[in-house]
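First the structure, in the form of structure tokens, and then the observations on it.
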Amino acid sequence: MAREDFQLSGEGARFSGEDARFGGIVQVLAAAALWGTVGPAQLIAHADVSLVSLGACRMLLGGAVLGLFTVRAAGLRTLWRPATRWWMLAGVLVTAAFQVCFLEAVDRTGAALATAVTFGTVPVITGLCAWWFERERASVAGWCGTACSLAGIGVLLVPDAAAQVDVTGVLLGIASGSSFGTYIAATQQLARRGADATAAASMSVLCAGVLLSPWLFVAPGGLGAPRAVLLISWLALGTTALGYLLFARGVTRISAATAGTLSLGEPLVAAVLGVALLGERPGAVAACGAALLLAGLIAVSLPARGRTTQGGTAPGGKEPAVAASGGSRAAKAGSRRGTSKAAPRRPRRRP
């Protein structure tokens with residue numbers, strides 16, 4: 001009877017883990033969808049402002065609002081522990097670097113190429129970070145999904161392949177993608193070390209805005225115009241406060257490699273909005289690229305099979321972050337013996 005009870009409880013835990021993973025995927029995709037509106041919103045607004053100043057306002061206001069509604073004193077204290085403080089500092093630095101590098105890449109190469117280079121780099125960096133820090137190996141579906149998504153982005157760039165490309169802009173796009181991929185890894189490391197992921201997200205954004213704030217005194221022109229105010233409001237509240245909140249809650253439920261690949265939904269959303277709102281009409285090649293990108297997102301979103309523990313589905317065959325404790329090891333030991341508790345050892349008889 002005990003064996004059957006354990007099997008039933010293990011089955012329920014497996015479905016619970018799959019539900020948590022699916023919820024994390026939905027939240028990360030929702031964040032990517034919000035971030036995909038940044039470029040179209042900027043084009044619609046036509047605000048004549050400095051891009052770095054715009055990024056500073058976005059981070060300062062968005063981080064302040066996110067922190068005001070989500071951060072508590074207990075959560076802040078988890079960010080300054082010896083095991084988390086350096087990861088927190090890394091998160092702040094790469095958030096600021098991403099903002100500056102991405103905006104400059106857009107200015108030099110255009111939104112399409114900058115977004116493609118940036119988010120084509122992200123899954124590569126997250127995969128490398130997952131292997132380096134956690135020895136986490138990507139699944140076959142993960143590799144296929146990433147390959148499809150990268151191929152889709154490459155196909156989307158085919159019509160502009162003959163145009164002259166700014167090499168510095170491309171390098172800045174790679175730097176911004178590397179920064180965002182490192183941010184994903186830092187967020188997961190903070191969560192695994194007991195830090196409040198929501199507090200970490202808000203403080204990363206707010207502190208990154210503080211690092212960029214001196215630029216507001218260098219190029220403040222146009223920030224008070226009505227179009228600029230509307231653009232900053234949407235970027236700060238919609239794409240930053242809500243986007244980072246969803247991402248922080250979802251990224252701790254999935255692997256870093258999956259989160260990096262799901263972030264490729266941002267250029268897909270940007271392309272769809274370009275068709276719907278800006279009147280852009282992609283050709284057959286662009287449609288094929290979008291289809292490949294969508295297929296890659298679906299591949300990494302499918303629930304993994306055959307890699308479960310009592311805590312649920314574990315990315316890369318590991319225990320999930322929320323269940324990585326000593327109790328999970330005892331549960332696995334019990335599962336090998338076919339019971340929920342480890343069987344007591346019989347004392348040896350002396351000869």
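Lettering and numbering for the structure tokens are positional, with chains as A, B, ... in the shown order, residues counted from 1 in each chain, and ligands counted from 1 in the shown order.
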- Message: Using only C-alpha atoms, which protein or nucleic acid residues come within 8 Å of range 227-240 of chain A? Drop anything in the same chain fewer than 6 positions from it, and give the result as a count of residues only.
- Response: 21
Closest pair table for range 38-111 of chain A residues within 9 Å of range 183-187 of chain A, only C-alpha atoms, as a Markdown table:
| residue | atom | partner | partner_atom | distance |
| --- | --- | --- | --- | --- |
| A:Trp87 | CA | A:Ala186 | CA | 5.7 |
| A:Met88 | CA | A:Ala186 | CA | 7.3 |
| A:Ala90 | CA | A:Ala186 | CA | 7.0 |
| A:Gly91 | CA | A:Tyr183 | CA | 5.4 |
| A:Val92 | CA | A:Tyr183 | CA | 8.4 |
| A:Leu93 | CA | A:Tyr183 | CA | 9.0 |
| A:Val94 | CA | A:Tyr183 | CA | 6.2 |
| A:Thr95 | CA | A:Tyr183 | CA | 6.8 |
With C-alpha atoms retained, could you export that selection as a PDB file, in the first residue's frame?
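Done, and the output landed in out17.pdb:
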ATOM      1  CA  TRP A  87      25.381  37.969  -8.535  1.00  0.00           C
ATOM      2  CA  MET A  88      23.212  40.991  -7.768  1.00  0.00           C
ATOM      3  CA  ALA A  90      26.499  41.362 -11.991  1.00  0.00           C
ATOM      4  CA  GLY A  91      22.779  41.671 -12.740  1.00  0.00           C
ATOM      5  CA  VAL A  92      22.901  45.472 -12.353  1.00  0.00           C
ATOM      6  CA  LEU A  93      25.963  45.864 -14.580  1.00  0.00           C
ATOM      7  CA  VAL A  94      24.709  43.673 -17.423  1.00  0.00           C
ATOM      8  CA  THR A  95      21.259  45.335 -17.310  1.00  0.00           C
TER       9      THR A  95
END
- Message: Would you pick out the contacts of range 19-24 of chain A at 6 Å or less, using only C-alpha atoms, so that residues sharing its chain but fewer than 4 positions from it are not included, and give the list as a VMD selection string?
- Response: chain A and resid 250 253 to 254
